[in-house]
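For reference, the structure is listed below as structure tokens.
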Amino acid sequence: MTDSPNDVTPDRLCKADALPPSDQHAQQYAAVRNAHETELLEDYVELIADLLEHQGEARSTDIAARMGVSQATVSKTVTRLKSLGLVSSKPYRSLFLTEKGEAMAAMSHQRHAIVLQFLRALGVSDRTARIDAEGMEHHVSQETLEIMQRYTREQGRRDA
């Protein structure tokens, strides 16, 4: 890969990019902290919705296997989801999303789809796009999502 005048490297960033005004910098970090607080919950709710749709049930063992965590970790997170009113369960039955949980899952699915389609439109391989979208979806603003969606639509028209 050759350097071009448009390559972004630390030595090519202007001082304002490297160290924005303190109020803007604080907003950036606050947005990241907020995204980190909700991303695990969103991932669980999204997975529960997928399991319900594709397997008819969402069992803790399936969640643990797909998330790559222990059943104890799932149990702890499910307890938190219940306390937040996102999921419900009955003894010896699988998990169910509440109305609030379904809304969160739908929003999370939409964000994920927009980021995934955008990355694919850029030419990112499917495997990498899936991995990257999983993390990015939680940290992208509504403004950026709308631009990603518009870019993807325009790319689709050009390719048609």
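Identifiers for the structure tokens are assigned positionally: chains receive A, B, ... in sequence, residues are indexed from 1 per chain, and ligands are indexed from 1 in the order shown.
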Within 8 Å of stretch 39-54 of chain A using only C-alpha atoms, minus same-chain residues under 6 positions, as a ChimeraX atom specification:
/A:63,77,81,86-87,95-97,101-102,104-106,108-109,138
Output of the above residues as a tab-separated table (two decimals), in the first residue's frame, restricted to all heavy atoms:
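File result_10.tsv, as written:
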chain	number	residue	atom	x	y	z
A	63	ILE	N	-27.92	-19.59	24.70
A	63	ILE	CA	-27.32	-18.25	24.80
A	63	ILE	C	-25.84	-18.39	25.18
A	63	ILE	O	-24.98	-17.76	24.57
A	63	ILE	CB	-28.09	-17.38	25.80
A	63	ILE	CG1	-29.51	-17.12	25.28
A	63	ILE	CG2	-27.35	-16.07	26.06
A	63	ILE	CD1	-30.45	-16.52	26.30
A	77	THR	N	-26.62	-12.17	33.79
A	77	THR	CA	-27.11	-11.16	32.86
A	77	THR	C	-28.62	-11.23	32.70
A	77	THR	O	-29.28	-10.19	32.64
A	77	THR	CB	-26.40	-11.30	31.49
A	77	THR	OG1	-24.98	-11.26	31.70
A	77	THR	CG2	-26.81	-10.20	30.54
A	81	LEU	N	-31.44	-8.41	33.05
A	81	LEU	CA	-32.44	-8.13	32.02
A	81	LEU	C	-33.85	-8.17	32.60
A	81	LEU	O	-34.70	-7.35	32.26
A	81	LEU	CB	-32.32	-9.13	30.87
A	81	LEU	CG	-31.05	-9.05	30.02
A	81	LEU	CD1	-30.95	-10.24	29.08
A	81	LEU	CD2	-30.99	-7.75	29.25
A	86	LEU	N	-36.83	-6.30	30.58
A	86	LEU	CA	-36.59	-6.63	29.17
A	86	LEU	C	-36.93	-8.07	28.83
A	86	LEU	O	-37.26	-8.37	27.68
A	86	LEU	CB	-35.13	-6.34	28.81
A	86	LEU	CG	-34.71	-4.88	28.92
A	86	LEU	CD1	-33.19	-4.74	28.85
A	86	LEU	CD2	-35.38	-4.05	27.84
A	87	VAL	N	-36.83	-8.97	29.80
A	87	VAL	CA	-37.16	-10.38	29.58
A	87	VAL	C	-37.99	-10.91	30.73
A	87	VAL	O	-38.01	-10.35	31.82
A	87	VAL	CB	-35.90	-11.28	29.41
A	87	VAL	CG1	-35.06	-10.85	28.23
A	87	VAL	CG2	-35.08	-11.33	30.67
A	95	LEU	N	-36.67	-18.29	27.87
A	95	LEU	CA	-36.82	-16.85	28.10
A	95	LEU	C	-37.75	-16.24	27.06
A	95	LEU	O	-37.82	-16.71	25.92
A	95	LEU	CB	-35.45	-16.18	28.02
A	95	LEU	CG	-34.43	-16.65	29.05
A	95	LEU	CD1	-33.05	-16.14	28.68
A	95	LEU	CD2	-34.83	-16.19	30.43
A	96	PHE	N	-38.40	-15.18	27.45
A	96	PHE	CA	-39.29	-14.45	26.55
A	96	PHE	C	-38.97	-12.96	26.67
A	96	PHE	O	-38.58	-12.49	27.74
A	96	PHE	CB	-40.76	-14.68	26.93
A	96	PHE	CG	-41.14	-16.13	26.89
A	96	PHE	CD1	-41.08	-16.91	28.04
A	96	PHE	CD2	-41.54	-16.72	25.70
A	96	PHE	CE1	-41.42	-18.24	28.01
A	96	PHE	CE2	-41.89	-18.06	25.66
A	96	PHE	CZ	-41.82	-18.83	26.82
A	97	LEU	N	-39.13	-12.23	25.59
A	97	LEU	CA	-38.93	-10.79	25.62
A	97	LEU	C	-40.22	-10.11	26.03
A	97	LEU	O	-41.31	-10.49	25.58
A	97	LEU	CB	-38.50	-10.27	24.24
A	97	LEU	CG	-37.12	-10.71	23.75
A	97	LEU	CD1	-36.90	-10.23	22.32
A	97	LEU	CD2	-36.03	-10.21	24.66
A	101	GLY	N	-38.41	-5.30	25.77
A	101	GLY	CA	-37.31	-6.08	25.22
A	101	GLY	C	-37.43	-6.25	23.72
A	101	GLY	O	-36.43	-6.19	22.99
A	102	GLU	N	-38.65	-6.47	23.24
A	102	GLU	CA	-38.88	-6.59	21.79
A	102	GLU	C	-38.52	-5.29	21.08
A	102	GLU	O	-37.93	-5.32	19.99
A	102	GLU	CB	-40.33	-6.98	21.51
A	102	GLU	CG	-40.64	-8.41	21.86
A	102	GLU	CD	-42.11	-8.77	21.69
A	102	GLU	OE1	-42.93	-7.88	21.34
A	102	GLU	OE2	-42.45	-9.94	21.92
A	104	MET	N	-36.31	-3.06	22.08
A	104	MET	CA	-34.86	-2.95	22.08
A	104	MET	C	-34.25	-3.87	21.03
A	104	MET	O	-33.33	-3.49	20.31
A	104	MET	CB	-34.28	-3.27	23.46
A	104	MET	CG	-32.74	-3.20	23.49
A	104	MET	SD	-32.02	-3.70	25.06
A	104	MET	CE	-32.05	-2.12	25.91
A	105	ALA	N	-34.76	-5.09	20.93
A	105	ALA	CA	-34.25	-6.05	19.95
A	105	ALA	C	-34.46	-5.54	18.52
A	105	ALA	O	-33.57	-5.65	17.68
A	105	ALA	CB	-34.92	-7.41	20.13
A	106	ALA	N	-35.63	-4.97	18.25
A	106	ALA	CA	-35.92	-4.45	16.91
A	106	ALA	C	-34.97	-3.31	16.56
A	106	ALA	O	-34.42	-3.26	15.45
A	106	ALA	CB	-37.37	-3.99	16.83
A	108	SER	N	-32.01	-2.78	17.85
A	108	SER	CA	-30.67	-3.34	17.73
A	108	SER	C	-30.49	-4.06	16.40
A	108	SER	O	-29.45	-3.93	15.74
A	108	SER	CB	-30.39	-4.29	18.90
A	108	SER	OG	-29.06	-4.70	18.91
A	109	HIS	N	-31.50	-4.82	15.99
A	109	HIS	CA	-31.45	-5.50	14.69
A	109	HIS	C	-31.30	-4.49	13.55
A	109	HIS	O	-30.54	-4.70	12.60
A	109	HIS	CB	-32.72	-6.33	14.45
A	109	HIS	CG	-32.67	-7.68	15.06
A	109	HIS	ND1	-33.61	-8.10	15.96
A	109	HIS	CD2	-31.82	-8.73	14.89
A	109	HIS	CE1	-33.33	-9.34	16.34
A	109	HIS	NE2	-32.25	-9.73	15.70
A	138	HIS	N	-23.22	-0.52	18.27
A	138	HIS	CA	-23.53	0.09	19.57
A	138	HIS	C	-22.94	1.48	19.73
A	138	HIS	O	-23.31	2.20	20.65
A	138	HIS	CB	-23.01	-0.80	20.69
A	138	HIS	CG	-23.51	-2.19	20.63
A	138	HIS	ND1	-24.80	-2.55	20.94
A	138	HIS	CD2	-22.89	-3.34	20.25
A	138	HIS	CE1	-24.96	-3.84	20.77
A	138	HIS	NE2	-23.81	-4.34	20.36
Alpha helix (DSSP H) positions in chain A, given as a ChimeraX atom specification
/A:15-18,22-55,60-67,71-83,99-121,126-136,142-159
Shell of 10 Å around stretch 127-133 of chain A, only C-alpha atoms, local chain residues under 4 positions omitted, as a PyMOL selection string
chain A and resi 111-123+137-138
Mind the document's chain letters and residue numbers, and return as a count of residues only the residues of stretch 7-158 of chain A that DSSP labels strand (DSSP E).
6
To one decimal place, how far is atom CA of A:Ala26 from atom CA of A:Leu84 in Å?
27.3 Å
For atom CA of A:Thr61 and atom CA of A:Asp126, quote the distance in Å rounded to one decimal.
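So the two atoms, atom CA of A:Thr61 and atom CA of A:Asp126, lie 27.1 Å apart.
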